[in-house]
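Taking it in order: structure first as C-alpha cells, then the write-up.
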Amino acid sequence: MPDEQAMFIFIEFKSYVKQQIYIQLAHGFFIMMKKILFYIFLLFLISSQNLWASETIQQGNILTLQQCIDIALKNHPAIQAASGTVRQSESKIGQARSGYFPQITFNSGYSRIGPPDTSLRSDPYNNYSNTLNLNQTLFDFGKTYTKVRIQSLQKESSEADLQDITASIVLGVKQSYYSFLKAKMSVTVATETMKQFQQHYDVARAFFETGKSSKIDVTSAEVNLSNASIQLISAQNALRIAFVKLNQAMGVVSAPEYDVKDEFDTEKTEISFESALSQAYQNRPDVLSTALKREALEKNVTLNKIGYLPTLSGNAAYGYSGDDTSIDRSWNVGVALTFPLFTGLSTKYSVDEATASLDIALANEESLKQLIYLEVQSAWLNRKEALERIEAGKTIVRQAEETLELARGRYATGVGSSIEITDALIKHYNARMTYITALTDYSIAQASLEKAIGGIK
C-alpha cells in the first residue's frame, strides 16, 4: 500500500512538472521574441549604416555628423555601461524564474566515531551518510510569478534607459559638432578680419609716408591690428577646446587631428508646441522607463503582501547511512505547508517600505512630466528665436559688407577717416559672428527639440 501511494504521488508530481514546463516554454517564447526585437533595434541603432564607424579615426579625416554619431554609439562608455545593465537585468529574470523548477541537493557525510566506555563496541568505526534531496514549490499564491514579472519590468525599464542614454549621447555629439563648426568658422572670420586690418594698416602707413594722412591713423591701425591678432589667438584656442569636447562626446579622447564637414542643420520643419509636447509624452524613453519602474514597484507591494500567505511545497529524498559493516537505505516523499504565523512584523514593514517606494516613484513620474514640459518649451522657443536671428543675420552681414566697401572707398579718396574704416571692420566681424552664432544656436536647438520629443535622428 505505501508503494502505491508513493507511485500515485510520483505520477501527480510528474504531471505538475510537465504543466510547469509547458507554462515556462510559452512564457520563454514570448520573452525570446521581445529580446530578438530589442536586439534588432540595437543593431540598427548602434551599427553604422555605412560601416564607417567600425574604422578608427585617421589623421586628416573629414568627418560628417553621422560618422561622429556612429563613432560615439560604438565607443562611448555610457552605452556600454547601460548595455551591461540590460544584461544584468536578464540574469535577474533567470534567478526569479528558478523558483518554478525543483531544487535538488546532495548531502554527503563521513564521521570517525570512537565508542564510549559503556559501549559493547570497543574499537573506533566509520560512519557514512549520503542523501539526495528534491524540493519543489507546488503553490505560493503567485509569489514566484510576481518576482519574474517584477524583474521583467525592470529589464524593460533598463532597455528604455539604454535608449534614453543613447539619445542623450546623440544630442551631446550634435552639440559638440555644431560648437566645433562655430569655433572653426570663428577662426576663419578672425583670420580674414586680421588680414583686413593688416591691409588697412599698410594703406594708412602708405598714406602717411605720402603725406595724405597723419601719424595717428597709422598708430590707430596698428593697435587695431594687434587686437585682431589677439582675437585670432582666442579663436584658435576655442577651436582646440571644441576639438577636445567633440572627442569626449564621441568617447575617443585620444583621437588624432581631423576636420569636420561644414553642415549646419538648416532644415526648417514646422511643428507646433502642443504637437511637440504630445510626442514627448508618448515617445520619450525616460517616460517609458519611469512608468515601468512604477509598475514594478506596484508589483513589489503585491509581492510583499503575499508574504502573509503560506507556501505549499513537495519534497522527496533518497539516501543511505551506516558504518563499514551495515548500510541502511531509506527514501521519503511528502508535502509541507509553511505558514508564517509571526515574523517579527518584518512582512508589515516590507509592505510599508514598498508602498513608500511606490509613492516616491509616482512623485518622480510627475516631476519628470514637468521637466519634459520645460525642456520641450525651451527647445521649441530657442529654435524659433534662432531661426528668426538667421534671417536677420543675413541682412546684417550684407549691410556690413556694403558699409565696409563704402568706408574703404571714402578713405581711398581722402574723404573718409581711419576711424570710419575701423568701425566698419568691427561691425563686419560682429555681423558675421552673429550669423554664425545664429546658425549654431538653431542647429543645437533643433537637436535639443528632437531629443526632447523622443526622437533620434
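How things are named: the first chain in the C-alpha cells is A, the next is B, and so on; residues count from 1 in each chain; ligands count from 1 in the order shown.
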Enumerate, in order of chain and increasing residue number, the residues of stretch 223-315 of chain A with an atom no farther than 8 Å from stretch 192-214 of chain A, each with its shortest atom pair and distance in Å to one decimal, counting only C-alpha atoms, as CSV.
residue,atom,partner,partner_atom,distance
A:Asn224,CA,A:Phe197,CA,6.7
A:Leu225,CA,A:Phe197,CA,5.3
A:Ala228,CA,A:Met194,CA,5.1
A:Ser229,CA,A:Met194,CA,6.2
A:Leu232,CA,A:Met194,CA,7.6
Distance table requested - stretch 279-375 of chain A against stretch 138-154 of chain A, cut-off 12 Å, only C-alpha atoms: one row per qualifying residue with the closest atom pair and its distance in Å to one decimal, ordered by chain and rising residue number, as CSV.
residue,atom,partner,partner_atom,distance
A:Leu288,CA,A:Leu153,CA,10.7
A:Ser289,CA,A:Gln154,CA,8.6
A:Thr290,CA,A:Gln154,CA,10.1
A:Ala291,CA,A:Leu153,CA,9.6
A:Leu292,CA,A:Leu153,CA,5.8
A:Lys293,CA,A:Gln154,CA,6.4
A:Arg294,CA,A:Leu153,CA,9.3
A:Glu295,CA,A:Leu153,CA,7.4
A:Ala296,CA,A:Ile150,CA,5.0
A:Leu297,CA,A:Ile150,CA,7.7
A:Glu298,CA,A:Ile150,CA,8.9
A:Lys299,CA,A:Ile150,CA,6.3
A:Asn300,CA,A:Ile150,CA,6.9
A:Val301,CA,A:Thr146,CA,10.1
A:Thr302,CA,A:Thr146,CA,7.9
A:Leu303,CA,A:Lys143,CA,6.0
A:Asn304,CA,A:Lys143,CA,8.8
A:Lys305,CA,A:Lys143,CA,9.5
A:Ile306,CA,A:Lys143,CA,6.5
A:Gly307,CA,A:Lys143,CA,8.2
A:Tyr308,CA,A:Phe141,CA,10.2
A:Leu309,CA,A:Phe141,CA,7.3
A:Pro310,CA,A:Asp140,CA,6.8
A:Thr311,CA,A:Asp140,CA,4.6
A:Leu312,CA,A:Phe139,CA,5.1
A:Ser313,CA,A:Leu138,CA,4.8
A:Gly314,CA,A:Leu138,CA,6.4
A:Asn315,CA,A:Leu138,CA,9.8
A:Gly334,CA,A:Leu138,CA,11.7
A:Val335,CA,A:Leu138,CA,8.9
A:Ala336,CA,A:Leu138,CA,9.5
A:Leu337,CA,A:Phe139,CA,9.5
A:Thr338,CA,A:Asp140,CA,9.8
A:Phe339,CA,A:Asp140,CA,10.7
Go ahead and dump the residues you just picked, C-alpha atoms, as a CSV table (one decimal), in the first residue's frame.
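As written to disk, again-v9.csv reads:
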chain,number,residue,atom,x,y,z
A,288,LEU,CA,8.5,54.7,-20.5
A,289,SER,CA,11.3,53.7,-18.1
A,290,THR,CA,9.7,55.6,-15.3
A,291,ALA,CA,6.3,54.1,-16.0
A,292,LEU,CA,7.8,50.6,-16.0
A,293,LYS,CA,9.7,51.2,-12.7
A,294,ARG,CA,6.4,52.4,-11.2
A,295,GLU,CA,4.6,49.3,-12.4
A,296,ALA,CA,7.4,47.1,-11.0
A,297,LEU,CA,7.0,48.9,-7.6
A,298,GLU,CA,3.3,48.2,-7.7
A,299,LYS,CA,4.0,44.5,-8.2
A,300,ASN,CA,6.6,44.7,-5.4
A,301,VAL,CA,3.8,45.9,-3.0
A,302,THR,CA,1.8,42.9,-4.1
A,303,LEU,CA,4.8,40.6,-3.6
A,304,ASN,CA,5.4,41.8,-0.1
A,305,LYS,CA,1.7,41.3,0.8
A,306,ILE,CA,2.0,37.7,-0.4
A,307,GLY,CA,4.5,37.2,2.4
A,308,TYR,CA,1.4,36.9,4.8
A,309,LEU,CA,0.3,33.7,2.9
A,310,PRO,CA,1.6,30.2,3.2
A,311,THR,CA,3.7,28.1,0.8
A,312,LEU,CA,2.9,24.6,-0.3
A,313,SER,CA,5.9,22.5,-1.3
A,314,GLY,CA,6.6,18.9,-2.1
A,315,ASN,CA,9.8,17.1,-1.1
A,334,GLY,CA,5.9,14.3,1.3
A,335,VAL,CA,4.4,17.7,1.2
A,336,ALA,CA,4.8,20.6,3.5
A,337,LEU,CA,2.6,23.7,4.2
A,338,THR,CA,4.7,26.5,5.6
A,339,PHE,CA,2.6,29.3,7.2
Tell me, in Å to one decimal, how far atom CA of A:Arg97 is from atom CA of A:Ser157.
18.4 Å
Nearest to A:Asn430: which of A:Ile93, A:Val173, A:Ser186, A:Glu385 is it, counting only C-alpha atoms?
A:Ser186
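If only C-alpha atoms are the atoms counted, then among A:Ala190, A:Ile113, A:Ile453, A:Ala445 the closest residue to A:His428 is A:Ala190.
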May I ask for the distance between atom CA of A:Ser448 and atom CA of A:Ala280, given in Å to one decimal place?
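Calculated distance between atom CA of A:Ser448 and atom CA of A:Ala280 is 11.9 Å.
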Write down as a ChimeraX atom specification the residues of stretch 315-360 of chain A whose backbone DSSP state falls under helix (DSSP H, G or I).
/A:346-360
Could you please take those selected residues and save N, CA and C atoms as an mmCIF file, in the first residue's frame?
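Saved as again17.cif:
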data_model
loop_
_atom_site.group_PDB
_atom_site.id
_atom_site.type_symbol
_atom_site.label_atom_id
_atom_site.label_comp_id
_atom_site.auth_asym_id
_atom_site.auth_seq_id
_atom_site.Cartn_x
_atom_site.Cartn_y
_atom_site.Cartn_z
ATOM 1 N N SER A 346 8.201 41.789 10.214
ATOM 2 C CA SER A 346 9.057 42.134 9.071
ATOM 3 C C SER A 346 8.243 42.256 7.782
ATOM 4 N N THR A 347 7.207 41.416 7.640
ATOM 5 C CA THR A 347 6.370 41.497 6.438
ATOM 6 C C THR A 347 5.624 42.823 6.394
ATOM 7 N N LYS A 348 5.096 43.243 7.516
ATOM 8 C CA LYS A 348 4.381 44.536 7.569
ATOM 9 C C LYS A 348 5.290 45.679 7.157
ATOM 10 N N TYR A 349 6.497 45.688 7.713
ATOM 11 C CA TYR A 349 7.412 46.781 7.394
ATOM 12 C C TYR A 349 7.897 46.697 5.946
ATOM 13 N N SER A 350 7.980 45.489 5.414
ATOM 14 C CA SER A 350 8.348 45.344 3.996
ATOM 15 C C SER A 350 7.259 45.927 3.102
ATOM 16 N N VAL A 351 5.994 45.686 3.467
ATOM 17 C CA VAL A 351 4.884 46.271 2.712
ATOM 18 C C VAL A 351 4.909 47.788 2.822
ATOM 19 N N ASP A 352 5.178 48.299 4.018
ATOM 20 C CA ASP A 352 5.242 49.760 4.211
ATOM 21 C C ASP A 352 6.360 50.372 3.371
ATOM 22 N N GLU A 353 7.510 49.696 3.343
ATOM 23 C CA GLU A 353 8.637 50.200 2.559
ATOM 24 C C GLU A 353 8.303 50.210 1.065
ATOM 25 N N ALA A 354 7.689 49.114 0.591
ATOM 26 C CA ALA A 354 7.326 49.034 -0.825
ATOM 27 C C ALA A 354 6.296 50.099 -1.182
ATOM 28 N N THR A 355 5.351 50.360 -0.291
ATOM 29 C CA THR A 355 4.336 51.390 -0.538
ATOM 30 C C THR A 355 4.976 52.775 -0.602
ATOM 31 N N ALA A 356 5.921 53.040 0.302
ATOM 32 C CA ALA A 356 6.616 54.332 0.286
ATOM 33 C C ALA A 356 7.432 54.493 -0.991
ATOM 34 N N SER A 357 8.075 53.416 -1.428
ATOM 35 C CA SER A 357 8.848 53.482 -2.675
ATOM 36 C C SER A 357 7.935 53.774 -3.861
ATOM 37 N N LEU A 358 6.738 53.201 -3.837
ATOM 38 C CA LEU A 358 5.772 53.466 -4.904
ATOM 39 C C LEU A 358 5.342 54.929 -4.894
ATOM 40 N N ASP A 359 5.120 55.489 -3.706
ATOM 41 C CA ASP A 359 4.747 56.909 -3.612
ATOM 42 C C ASP A 359 5.858 57.801 -4.165
ATOM 43 N N ILE A 360 7.106 57.438 -3.877
ATOM 44 C CA ILE A 360 8.241 58.207 -4.405
ATOM 45 C C ILE A 360 8.268 58.130 -5.931
#
Determine which residues of stretch 221-425 of chain A DSSP labels as strand (DSSP E or B) from the backbone of this structure, then write them out as a ChimeraX atom specification.
/A:259-260,311-323,327-338
Selection from above, N, CA and C atoms, as an mmCIF file, in the first residue's frame, can you write it?
data_model
loop_
_atom_site.group_PDB
_atom_site.id
_atom_site.type_symbol
_atom_site.label_atom_id
_atom_site.label_comp_id
_atom_site.auth_asym_id
_atom_site.auth_seq_id
_atom_site.Cartn_x
_atom_site.Cartn_y
_atom_site.Cartn_z
ATOM 1 N N ASP A 259 39.226 66.863 -39.277
ATOM 2 C CA ASP A 259 38.362 68.006 -39.552
ATOM 3 C C ASP A 259 36.924 67.505 -39.676
ATOM 4 N N VAL A 260 35.979 68.422 -39.679
ATOM 5 C CA VAL A 260 34.575 68.048 -39.833
ATOM 6 C C VAL A 260 33.986 68.781 -41.025
ATOM 7 N N THR A 311 3.041 28.747 1.973
ATOM 8 C CA THR A 311 3.650 28.143 0.789
ATOM 9 C C THR A 311 3.515 26.633 0.879
ATOM 10 N N LEU A 312 3.022 26.042 -0.198
ATOM 11 C CA LEU A 312 2.884 24.588 -0.258
ATOM 12 C C LEU A 312 4.011 24.038 -1.127
ATOM 13 N N SER A 313 4.742 23.094 -0.589
ATOM 14 C CA SER A 313 5.872 22.538 -1.319
ATOM 15 C C SER A 313 5.872 21.023 -1.191
ATOM 16 N N GLY A 314 6.467 20.365 -2.170
ATOM 17 C CA GLY A 314 6.644 18.927 -2.140
ATOM 18 C C GLY A 314 8.111 18.591 -1.984
ATOM 19 N N ASN A 315 8.388 17.452 -1.346
ATOM 20 C CA ASN A 315 9.783 17.079 -1.136
ATOM 21 C C ASN A 315 9.936 15.572 -1.264
ATOM 22 N N ALA A 316 11.116 15.190 -1.644
ATOM 23 C CA ALA A 316 11.452 13.768 -1.756
ATOM 24 C C ALA A 316 12.930 13.614 -1.455
ATOM 25 N N ALA A 317 13.280 12.432 -0.913
ATOM 26 C CA ALA A 317 14.684 12.194 -0.569
ATOM 27 C C ALA A 317 14.989 10.705 -0.674
ATOM 28 N N TYR A 318 16.233 10.428 -1.026
ATOM 29 C CA TYR A 318 16.705 9.043 -1.055
ATOM 30 C C TYR A 318 18.157 9.045 -0.576
ATOM 31 N N GLY A 319 18.495 8.089 0.270
ATOM 32 C CA GLY A 319 19.858 8.050 0.749
ATOM 33 C C GLY A 319 20.145 6.808 1.564
ATOM 34 N N TYR A 320 21.358 6.766 2.093
ATOM 35 C CA TYR A 320 21.733 5.656 2.953
ATOM 36 C C TYR A 320 22.736 6.152 3.975
ATOM 37 N N SER A 321 22.819 5.432 5.078
ATOM 38 C CA SER A 321 23.763 5.771 6.136
ATOM 39 C C SER A 321 24.137 4.491 6.874
ATOM 40 N N GLY A 322 25.261 4.497 7.520
ATOM 41 C CA GLY A 322 25.694 3.321 8.270
ATOM 42 C C GLY A 322 27.195 3.296 8.407
ATOM 43 N N ASP A 323 27.690 2.147 8.910
ATOM 44 C CA ASP A 323 29.128 2.025 9.110
ATOM 45 C C ASP A 323 29.691 1.019 8.114
ATOM 46 N N ILE A 327 24.811 -0.967 6.135
ATOM 47 C CA ILE A 327 24.320 0.198 5.405
ATOM 48 C C ILE A 327 22.793 0.148 5.361
ATOM 49 N N ASP A 328 22.126 1.192 5.828
ATOM 50 C CA ASP A 328 20.671 1.267 5.824
ATOM 51 C C ASP A 328 20.214 2.278 4.775
ATOM 52 N N ARG A 329 19.425 1.801 3.812
ATOM 53 C CA ARG A 329 18.890 2.667 2.771
ATOM 54 C C ARG A 329 17.487 3.115 3.141
ATOM 55 N N SER A 330 17.125 4.365 2.699
ATOM 56 C CA SER A 330 15.787 4.878 3.013
ATOM 57 C C SER A 330 15.368 5.908 1.971
ATOM 58 N N TRP A 331 14.061 6.118 1.876
ATOM 59 C CA TRP A 331 13.541 7.164 0.993
ATOM 60 C C TRP A 331 12.280 7.727 1.624
ATOM 61 N N ASN A 332 11.921 8.921 1.170
ATOM 62 C CA ASN A 332 10.688 9.533 1.673
ATOM 63 C C ASN A 332 10.148 10.516 0.646
ATOM 64 N N VAL A 333 8.845 10.638 0.610
ATOM 65 C CA VAL A 333 8.140 11.589 -0.242
ATOM 66 C C VAL A 333 7.067 12.255 0.605
ATOM 67 N N GLY A 334 6.927 13.584 0.443
ATOM 68 C CA GLY A 334 5.927 14.259 1.254
ATOM 69 C C GLY A 334 5.642 15.661 0.768
ATOM 70 N N VAL A 335 4.714 16.298 1.423
ATOM 71 C CA VAL A 335 4.386 17.691 1.152
ATOM 72 C C VAL A 335 4.449 18.458 2.463
ATOM 73 N N ALA A 336 4.684 19.792 2.330
ATOM 74 C CA ALA A 336 4.781 20.624 3.530
ATOM 75 C C ALA A 336 4.065 21.947 3.282
ATOM 76 N N LEU A 337 3.312 22.370 4.254
ATOM 77 C CA LEU A 337 2.644 23.656 4.205
ATOM 78 C C LEU A 337 3.297 24.561 5.237
ATOM 79 N N THR A 338 3.949 25.609 4.738
ATOM 80 C CA THR A 338 4.660 26.537 5.624
ATOM 81 C C THR A 338 3.837 27.804 5.765
#
Shell around stretch 162-170 of chain A at 8 Å using only C-alpha atoms, local window under 6 positions removed, as a list in words:
Ile69, Ala72, Leu73, Ala78, Ile79, Ala82, Ser83, Val86, Ala249, Arg284, Pro285, Asp286, Lys451, Gly454, Gly455 and Ile456 of chain A
Interatomic distance, atom CA of A:Ala392 to atom CA of A:Ala438 (Å, one decimal):
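It comes out at 9.3 Å.
Residue nearest A:Thr64 within the list A:Leu181, A:Thr403, A:Ser220, A:Phe106: A:Leu181 [criterion: smallest interatomic distance, only C-alpha atoms].
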For each of A:Thr137, A:Thr219, A:Ser378, A:Gln66, take the minimum atom-to-atom distance to A:Ser98, counting only C-alpha atoms, then give the residue where this is smallest.
A:Thr137
